>>> print(open('work28.pdb').read())   # PDB, C-alpha atoms and all ligand atoms
ATOM      1  CA  MET A   1     255.865 131.866  34.417  1.00  0.00           C
ATOM      2  CA  TYR A   2     256.340 131.126  38.078  1.00  0.00           C
ATOM      3  CA  SER A   3     254.941 133.181  40.964  1.00  0.00           C
ATOM      4  CA  LYS A   4     257.251 135.221  43.193  1.00  0.00           C
ATOM      5  CA  VAL A   5     256.755 132.700  45.994  1.00  0.00           C
ATOM      6  CA  VAL A   6     257.801 129.803  43.758  1.00  0.00           C
ATOM      7  CA  MET A   7     260.934 131.656  42.671  1.00  0.00           C
ATOM      8  CA  ASP A   8     261.755 132.635  46.268  1.00  0.00           C
ATOM      9  CA  ARG A   9     261.290 129.093  47.583  1.00  0.00           C
ATOM     10  CA  PHE A  10     263.335 127.701  44.698  1.00  0.00           C
ATOM     11  CA  GLN A  11     266.202 130.116  45.236  1.00  0.00           C
ATOM     12  CA  ASN A  12     266.058 130.202  49.048  1.00  0.00           C
ATOM     13  CA  PRO A  13     264.444 127.011  50.262  1.00  0.00           C
ATOM     14  CA  ARG A  14     263.944 127.095  54.055  1.00  0.00           C
ATOM     15  CA  ASN A  15     263.869 123.349  54.594  1.00  0.00           C
ATOM     16  CA  ALA A  16     266.398 121.939  52.139  1.00  0.00           C
ATOM     17  CA  GLY A  17     268.763 119.182  53.206  1.00  0.00           C
ATOM     18  CA  GLY A  18     268.755 115.896  55.055  1.00  0.00           C
ATOM     19  CA  MET A  19     268.134 115.426  58.755  1.00  0.00           C
ATOM     20  CA  HIS A  20     270.069 113.633  61.493  1.00  0.00           C
ATOM     21  CA  GLY A  21     267.703 111.674  63.685  1.00  0.00           C
ATOM     22  CA  ALA A  22     264.871 111.548  61.182  1.00  0.00           C
ATOM     23  CA  ASN A  23     262.507 108.733  62.099  1.00  0.00           C
ATOM     24  CA  ALA A  24     260.497 108.846  58.891  1.00  0.00           C
ATOM     25  CA  ILE A  25     261.910 109.057  55.386  1.00  0.00           C
ATOM     26  CA  GLY A  26     259.815 108.906  52.269  1.00  0.00           C
ATOM     27  CA  GLN A  27     260.956 108.928  48.691  1.00  0.00           C
ATOM     28  CA  VAL A  28     258.833 109.370  45.608  1.00  0.00           C
ATOM     29  CA  GLY A  29     259.648 109.761  41.952  1.00  0.00           C
ATOM     30  CA  ASN A  30     257.964 110.599  38.721  1.00  0.00           C
ATOM     31  CA  ALA A  31     258.885 108.273  35.890  1.00  0.00           C
ATOM     32  CA  ALA A  32     257.745 110.745  33.240  1.00  0.00           C
ATOM     33  CA  CYS A  33     260.068 113.605  34.222  1.00  0.00           C
ATOM     34  CA  GLY A  34     262.606 111.598  36.206  1.00  0.00           C
ATOM     35  CA  ASP A  35     262.418 113.861  39.261  1.00  0.00           C
ATOM     36  CA  ILE A  36     262.934 112.446  42.758  1.00  0.00           C
ATOM     37  CA  MET A  37     261.863 113.816  46.151  1.00  0.00           C
ATOM     38  CA  LYS A  38     262.957 112.658  49.562  1.00  0.00           C
ATOM     39  CA  MET A  39     261.144 113.867  52.692  1.00  0.00           C
ATOM     40  CA  TYR A  40     262.687 113.573  56.175  1.00  0.00           C
ATOM     41  CA  LEU A  41     260.527 113.875  59.283  1.00  0.00           C
ATOM     42  CA  LYS A  42     261.153 113.887  63.007  1.00  0.00           C
ATOM     43  CA  ILE A  43     257.954 112.730  64.674  1.00  0.00           C
ATOM     44  CA  ASN A  44     257.768 112.807  68.469  1.00  0.00           C
ATOM     45  CA  ASP A  45     256.154 110.264  70.816  1.00  0.00           C
ATOM     46  CA  ASN A  46     252.896 112.215  70.715  1.00  0.00           C
ATOM     47  CA  GLY A  47     252.704 111.882  66.947  1.00  0.00           C
ATOM     48  CA  ILE A  48     253.589 115.514  66.293  1.00  0.00           C
ATOM     49  CA  ILE A  49     255.877 116.372  63.390  1.00  0.00           C
ATOM     50  CA  GLU A  50     258.632 118.364  65.051  1.00  0.00           C
ATOM     51  CA  ASN A  51     260.683 118.911  61.940  1.00  0.00           C
ATOM     52  CA  ALA A  52     260.491 118.329  58.211  1.00  0.00           C
ATOM     53  CA  ARG A  53     263.221 118.666  55.611  1.00  0.00           C
ATOM     54  CA  PHE A  54     263.709 117.543  52.053  1.00  0.00           C
ATOM     55  CA  LYS A  55     266.080 116.750  49.234  1.00  0.00           C
ATOM     56  CA  THR A  56     264.717 117.114  45.737  1.00  0.00           C
ATOM     57  CA  PHE A  57     266.385 116.240  42.507  1.00  0.00           C
ATOM     58  CA  GLY A  58     264.001 118.053  40.289  1.00  0.00           C
ATOM     59  CA  CYS A  59     262.555 121.166  38.786  1.00  0.00           C
ATOM     60  CA  CYS A  60     261.972 124.576  40.292  1.00  0.00           C
ATOM     61  CA  ALA A  61     258.294 123.784  41.025  1.00  0.00           C
ATOM     62  CA  ALA A  62     259.209 120.502  42.695  1.00  0.00           C
ATOM     63  CA  ILE A  63     261.720 122.189  45.014  1.00  0.00           C
ATOM     64  CA  ALA A  64     259.334 125.028  45.893  1.00  0.00           C
ATOM     65  CA  SER A  65     256.437 122.589  46.439  1.00  0.00           C
ATOM     66  CA  THR A  66     258.387 120.355  48.805  1.00  0.00           C
ATOM     67  CA  ASP A  67     259.748 123.326  50.713  1.00  0.00           C
ATOM     68  CA  ILE A  68     256.215 124.631  51.266  1.00  0.00           C
ATOM     69  CA  ALA A  69     254.949 121.144  52.108  1.00  0.00           C
ATOM     70  CA  CYS A  70     257.532 120.962  54.926  1.00  0.00           C
ATOM     71  CA  ASP A  71     256.231 124.238  56.367  1.00  0.00           C
ATOM     72  CA  LEU A  72     252.647 123.036  56.087  1.00  0.00           C
ATOM     73  CA  ILE A  73     253.217 119.896  58.161  1.00  0.00           C
ATOM     74  CA  LYS A  74     255.657 121.149  60.807  1.00  0.00           C
ATOM     75  CA  GLY A  75     253.961 121.218  64.223  1.00  0.00           C
ATOM     76  CA  LYS A  76     251.025 119.175  62.952  1.00  0.00           C
ATOM     77  CA  SER A  77     249.830 115.769  64.113  1.00  0.00           C
ATOM     78  CA  ILE A  78     250.282 112.871  61.719  1.00  0.00           C
ATOM     79  CA  GLU A  79     246.522 112.840  61.115  1.00  0.00           C
ATOM     80  CA  ASP A  80     246.479 116.529  60.179  1.00  0.00           C
ATOM     81  CA  ALA A  81     249.601 116.199  58.015  1.00  0.00           C
ATOM     82  CA  LEU A  82     247.856 113.470  56.034  1.00  0.00           C
ATOM     83  CA  LYS A  83     245.104 115.973  55.218  1.00  0.00           C
ATOM     84  CA  VAL A  84     247.570 118.305  53.483  1.00  0.00           C
ATOM     85  CA  THR A  85     247.026 118.111  49.735  1.00  0.00           C
ATOM     86  CA  ASN A  86     248.736 119.503  46.677  1.00  0.00           C
ATOM     87  CA  LYS A  87     245.960 122.104  46.547  1.00  0.00           C
ATOM     88  CA  ASP A  88     247.179 123.470  49.916  1.00  0.00           C
ATOM     89  CA  VAL A  89     250.703 123.568  48.497  1.00  0.00           C
ATOM     90  CA  ILE A  90     249.557 125.433  45.386  1.00  0.00           C
ATOM     91  CA  ASP A  91     247.516 127.894  47.484  1.00  0.00           C
ATOM     92  CA  LYS A  92     250.679 128.778  49.413  1.00  0.00           C
ATOM     93  CA  LEU A  93     252.752 129.030  46.247  1.00  0.00           C
ATOM     94  CA  GLY A  94     250.262 131.381  44.654  1.00  0.00           C
ATOM     95  CA  GLU A  95     249.929 129.367  41.496  1.00  0.00           C
ATOM     96  CA  LEU A  96     251.599 126.737  39.362  1.00  0.00           C
ATOM     97  CA  PRO A  97     251.454 126.331  35.601  1.00  0.00           C
ATOM     98  CA  THR A  98     249.129 123.465  34.642  1.00  0.00           C
ATOM     99  CA  HIS A  99     251.966 121.351  33.266  1.00  0.00           C
ATOM    100  CA  LYS A 100     253.681 121.652  36.677  1.00  0.00           C
ATOM    101  CA  LEU A 101     250.783 120.458  38.833  1.00  0.00           C
ATOM    102  CA  HIS A 102     252.338 116.997  39.110  1.00  0.00           C
ATOM    103  CA  CYS A 103     255.289 118.588  40.942  1.00  0.00           C
ATOM    104  CA  SER A 104     252.969 119.626  43.798  1.00  0.00           C
ATOM    105  CA  LEU A 105     251.394 116.164  43.759  1.00  0.00           C
ATOM    106  CA  MET A 106     254.834 114.699  44.348  1.00  0.00           C
ATOM    107  CA  ALA A 107     255.164 116.897  47.438  1.00  0.00           C
ATOM    108  CA  GLU A 108     251.874 115.525  48.761  1.00  0.00           C
ATOM    109  CA  ASP A 109     252.991 111.984  47.957  1.00  0.00           C
ATOM    110  CA  SER A 110     256.330 112.484  49.698  1.00  0.00           C
ATOM    111  CA  ILE A 111     254.522 113.384  52.952  1.00  0.00           C
ATOM    112  CA  ARG A 112     252.472 110.191  52.721  1.00  0.00           C
ATOM    113  CA  ALA A 113     255.535 108.108  51.865  1.00  0.00           C
ATOM    114  CA  ALA A 114     257.405 109.436  54.911  1.00  0.00           C
ATOM    115  CA  ILE A 115     254.473 108.769  57.249  1.00  0.00           C
ATOM    116  CA  GLU A 116     254.099 105.283  55.796  1.00  0.00           C
ATOM    117  CA  ASP A 117     257.789 104.720  56.568  1.00  0.00           C
ATOM    118  CA  PHE A 118     257.208 105.943  60.130  1.00  0.00           C
ATOM    119  CA  TYR A 119     254.491 103.339  60.689  1.00  0.00           C
ATOM    120  CA  LYS A 120     256.616 100.586  59.112  1.00  0.00           C
ATOM    121  CA  ARG A 121     259.453 101.437  61.504  1.00  0.00           C
ATOM    122  CA  LYS A 122     257.046 101.401  64.470  1.00  0.00           C
ATOM    123  CA  GLU A 123     255.707  98.007  63.425  1.00  0.00           C
ATOM    124  CA  LYS A 124     259.242  96.644  63.127  1.00  0.00           C
ATOM    125  CA  GLU A 125     260.112  98.015  66.576  1.00  0.00           C
ATOM    126  CA  SER A 126     257.003  96.414  68.071  1.00  0.00           C
ATOM    127  CA  LYS A 127     257.818  93.036  66.520  1.00  0.00           C
ATOM    128  CA  GLN A 128     261.378  93.235  67.821  1.00  0.00           C
ATOM    129  CA  ALA A 129     260.138  94.136  71.302  1.00  0.00           C
ATOM    130  CA  ILE A 130     257.750  91.146  71.279  1.00  0.00           C
ATOM    131  CA  LYS A 131     260.547  88.814  70.101  1.00  0.00           C
ATOM    132  CA  LYS A 132     262.832  90.121  72.830  1.00  0.00           C
ATOM    133  CA  SER A 133     260.229  89.667  75.549  1.00  0.00           C
ATOM    134  CA  LYS A 134     259.567  86.092  74.364  1.00  0.00           C
ATOM    135  CA  ARG A 135     263.284  85.325  74.506  1.00  0.00           C
ATOM    136  CA  ASN A 136     263.405  86.687  78.050  1.00  0.00           C
ATOM    137  CA  GLU A 137     260.502  84.405  79.064  1.00  0.00           C
ATOM    138  CA  GLU A 138     262.346  81.273  77.849  1.00  0.00           C
TER     139      GLU A 138
HETATM  140 FE1  LIG B 201     258.778 116.614  37.386  1.00  0.00          FE
HETATM  141 FE2  LIG B 201     258.571 119.053  38.279  1.00  0.00          FE
HETATM  142  S1  LIG B 201     258.885 118.454  36.228  1.00  0.00           S
HETATM  143  S2  LIG B 201     258.549 117.219  39.436  1.00  0.00           S
END
>>> encode(input="work28.pdb", output="structure tokens")
Amino acid sequence: MYSKVVMDRFQNPRNAGGMHGANAIGQVGNAACGDIMKMYLKINDNGIIENARFKTFGCCAAIASTDIACDLIKGKSIEDALKVTNKDVIDKLGELPTHKLHCSLMAEDSIRAAIEDFYKRKEKESKQAIKKSKRNEE
């Protein structure tokens, strides 16, 4: 059985939906159950996560886990968000049945995937800026 918090977060997720202006989007999936999670982040110039939202095609535990994960990283620096684990998610949820632990792991992975995307975008921007400055020099 699920905890009250899991049921509440499943039925009334606080952070469900996409995000306009997200500058980090991470998607993870679990081949075994077929569930998919997408995490959207807005990270400011100081590396603080201003907002986090999600879309999850998955089970009750997956939806509740991602919703909690969003709360856990909002207002945090990237470095601190990377320290959030599925154990933190489970602590907030109260508990998860053993066969549903992978759902909370997907929430943790979706945070990392979104932050990885953020750095990829930054790298691309930097390369484009260098290219542009070289063109201007010619
Ligand atoms: Fe796969 Fe929950 S059963 S994420």
>>> closest_residue(input="work28.pdb", among="A:Met19, A:Asn86, A:Glu138, A:Ala32", to="Ser110 in chain A", atoms="all atoms listed in the file")
A:Asn86
>>> resolve_selection(input="work28.pdb", expression="the PyMOL selection byres (((not hetatm)) within 9 of (chain B and resi 201))", output="PyMOL selection string")
chain A and resi 29-37+56-63+99-107
>>> closest_residue(input="work28.pdb", among="A:Met1, A:Ala52, A:Ile68, A:Val6", to="His20 in chain A", atoms="all atoms listed in the file")
A:Ala52
>>> atom_distance(input="work28.pdb", atom1="CA of Ile48 in chain A", atom2="CA of Ile78 in chain A")
6.2 Å
>>> resolve_selection(input="work28.pdb", expression="the PyMOL selection byres (((chain A and resi 53) around 9) and not hetatm)", output="PyMOL selection string")
chain A and resi 14-19+38-41+51-52+54-55+66-67+70-71
>>> write_last_selection(input="work28.pdb", atoms="C-alpha atoms", output="PDB file, in the frame of the given file")
ATOM      1  CA  ARG A  14     263.944 127.095  54.055  1.00  0.00           C
ATOM      2  CA  ASN A  15     263.869 123.349  54.594  1.00  0.00           C
ATOM      3  CA  ALA A  16     266.398 121.939  52.139  1.00  0.00           C
ATOM      4  CA  GLY A  17     268.763 119.182  53.206  1.00  0.00           C
ATOM      5  CA  GLY A  18     268.755 115.896  55.055  1.00  0.00           C
ATOM      6  CA  MET A  19     268.134 115.426  58.755  1.00  0.00           C
ATOM      7  CA  LYS A  38     262.957 112.658  49.562  1.00  0.00           C
ATOM      8  CA  MET A  39     261.144 113.867  52.692  1.00  0.00           C
ATOM      9  CA  TYR A  40     262.687 113.573  56.175  1.00  0.00           C
ATOM     10  CA  LEU A  41     260.527 113.875  59.283  1.00  0.00           C
ATOM     11  CA  ASN A  51     260.683 118.911  61.940  1.00  0.00           C
ATOM     12  CA  ALA A  52     260.491 118.329  58.211  1.00  0.00           C
ATOM     13  CA  PHE A  54     263.709 117.543  52.053  1.00  0.00           C
ATOM     14  CA  LYS A  55     266.080 116.750  49.234  1.00  0.00           C
ATOM     15  CA  THR A  66     258.387 120.355  48.805  1.00  0.00           C
ATOM     16  CA  ASP A  67     259.748 123.326  50.713  1.00  0.00           C
ATOM     17  CA  CYS A  70     257.532 120.962  54.926  1.00  0.00           C
ATOM     18  CA  ASP A  71     256.231 124.238  56.367  1.00  0.00           C
TER      19      ASP A  71
END
>>> closest_residue(input="work28.pdb", among="A:Gly21, A:Glu137, A:Asp117, A:Ala64", to="Lys92 in chain A", atoms="only C-alpha atoms")
A:Ala64
>>> resolve_selection(input="work28.pdb", expression="the PyMOL selection byres (((chain A and resi 84) around 9) and not hetatm)", output="number ranges by chain")
A: 69, 72-73, 80-83, 85-89, 108, 111
>>> atom_distance(input="work28.pdb", atom1="CA of Leu93 in chain A", atom2="CA of Ser3 in chain A")
7.1 Å
>>> closest_residue(input="work28.pdb", among="A:Ile90, A:Glu125, A:Ile115, A:Lys120", to="Gly47 in chain A", atoms="all atoms listed in the file")
A:Ile115
>>> axis_aligned_box(input="work28.pdb", around="range 102-119 of chain A", padding_each_side="4 Å", output="JSON")
{"center_x": 254.6, "center_y": 111.5, "center_z": 49.9, "size_x": 14.4, "size_y": 24.3, "size_z": 29.6}
>>> atom_distance(input="work28.pdb", atom1="CA of Pro97 in chain A", atom2="CA of Pro13 in chain A")
19.6 Å
>>> build_atoms(input="work28.pdb", residues="range 85-96 of chain A", atoms="all heavy atoms", output="tab-separated table (two decimals), in the coordinates of the input")
chain	number	residue	atom	x	y	z
A	85	THR	N	247.09	118.55	51.14
A	85	THR	CA	247.03	118.11	49.74
A	85	THR	C	247.87	119.04	48.85
A	85	THR	O	248.32	120.10	49.30
A	85	THR	CB	245.58	118.15	49.20
A	85	THR	OG1	245.17	119.52	49.17
A	85	THR	CG2	244.65	117.34	50.08
A	86	ASN	N	247.99	118.65	47.60
A	86	ASN	CA	248.74	119.50	46.68
A	86	ASN	C	248.01	120.83	46.45
A	86	ASN	O	248.64	121.82	46.11
A	86	ASN	CB	249.01	118.77	45.36
A	86	ASN	CG	247.79	118.70	44.46
A	86	ASN	OD1	246.71	118.32	44.90
A	86	ASN	ND2	247.97	119.04	43.20
A	87	LYS	N	246.70	120.85	46.69
A	87	LYS	CA	245.96	122.10	46.55
A	87	LYS	C	246.43	123.11	47.62
A	87	LYS	O	246.59	124.30	47.35
A	87	LYS	CB	244.46	121.85	46.66
A	87	LYS	CG	243.63	123.04	46.26
A	87	LYS	CD	242.16	122.81	46.44
A	87	LYS	CE	241.36	124.06	46.18
A	87	LYS	NZ	241.86	125.30	46.78
A	88	ASP	N	246.65	122.61	48.85
A	88	ASP	CA	247.18	123.47	49.92
A	88	ASP	C	248.55	124.02	49.53
A	88	ASP	O	248.86	125.19	49.78
A	88	ASP	CB	247.31	122.69	51.23
A	88	ASP	CG	245.97	122.13	51.70
A	88	ASP	OD1	244.97	122.87	51.64
A	88	ASP	OD2	245.93	120.96	52.10
A	89	VAL	N	249.36	123.16	48.93
A	89	VAL	CA	250.70	123.57	48.50
A	89	VAL	C	250.59	124.67	47.44
A	89	VAL	O	251.25	125.71	47.54
A	89	VAL	CB	251.50	122.35	47.94
A	89	VAL	CG1	252.79	122.79	47.29
A	89	VAL	CG2	251.78	121.35	49.06
A	90	ILE	N	249.72	124.45	46.47
A	90	ILE	CA	249.56	125.43	45.39
A	90	ILE	C	249.02	126.75	45.94
A	90	ILE	O	249.47	127.83	45.53
A	90	ILE	CB	248.64	124.88	44.27
A	90	ILE	CG1	249.32	123.69	43.60
A	90	ILE	CG2	248.32	125.95	43.24
A	90	ILE	CD1	248.41	122.88	42.70
A	91	ASP	N	248.07	126.67	46.87
A	91	ASP	CA	247.52	127.89	47.48
A	91	ASP	C	248.64	128.74	48.09
A	91	ASP	O	248.66	129.95	47.96
A	91	ASP	CB	246.49	127.55	48.57
A	91	ASP	CG	245.16	127.12	47.97
A	91	ASP	OD1	244.98	127.29	46.74
A	91	ASP	OD2	244.33	126.59	48.72
A	92	LYS	N	249.56	128.06	48.78
A	92	LYS	CA	250.68	128.78	49.41
A	92	LYS	C	251.67	129.32	48.38
A	92	LYS	O	252.30	130.36	48.59
A	92	LYS	CB	251.43	127.86	50.39
A	92	LYS	CG	250.68	127.59	51.67
A	92	LYS	CD	250.88	128.72	52.64
A	92	LYS	CE	250.11	128.46	53.92
A	92	LYS	NZ	250.01	129.64	54.76
A	93	LEU	N	251.80	128.59	47.29
A	93	LEU	CA	252.75	129.03	46.25
A	93	LEU	C	252.19	130.17	45.40
A	93	LEU	O	252.93	130.82	44.68
A	93	LEU	CB	253.10	127.85	45.32
A	93	LEU	CG	253.97	126.75	45.91
A	93	LEU	CD1	254.10	125.60	44.93
A	93	LEU	CD2	255.35	127.27	46.30
A	94	GLY	N	250.89	130.36	45.49
A	94	GLY	CA	250.26	131.38	44.65
A	94	GLY	C	249.62	130.74	43.45
A	94	GLY	O	248.41	130.75	43.31
A	95	GLU	N	250.44	130.12	42.65
A	95	GLU	CA	249.93	129.37	41.50
A	95	GLU	C	251.05	128.52	40.91
A	95	GLU	O	252.23	128.75	41.19
A	95	GLU	CB	249.37	130.31	40.43
A	95	GLU	CG	250.43	131.26	39.89
A	95	GLU	CD	249.88	132.20	38.82
A	95	GLU	OE1	248.94	131.82	38.12
A	95	GLU	OE2	250.43	133.30	38.70
A	96	LEU	N	250.64	127.55	40.10
A	96	LEU	CA	251.60	126.74	39.36
A	96	LEU	C	251.07	126.55	37.95
A	96	LEU	O	249.86	126.36	37.77
A	96	LEU	CB	251.75	125.35	40.00
A	96	LEU	CG	252.80	125.13	41.09
A	96	LEU	CD1	252.81	123.65	41.48
A	96	LEU	CD2	254.18	125.59	40.69
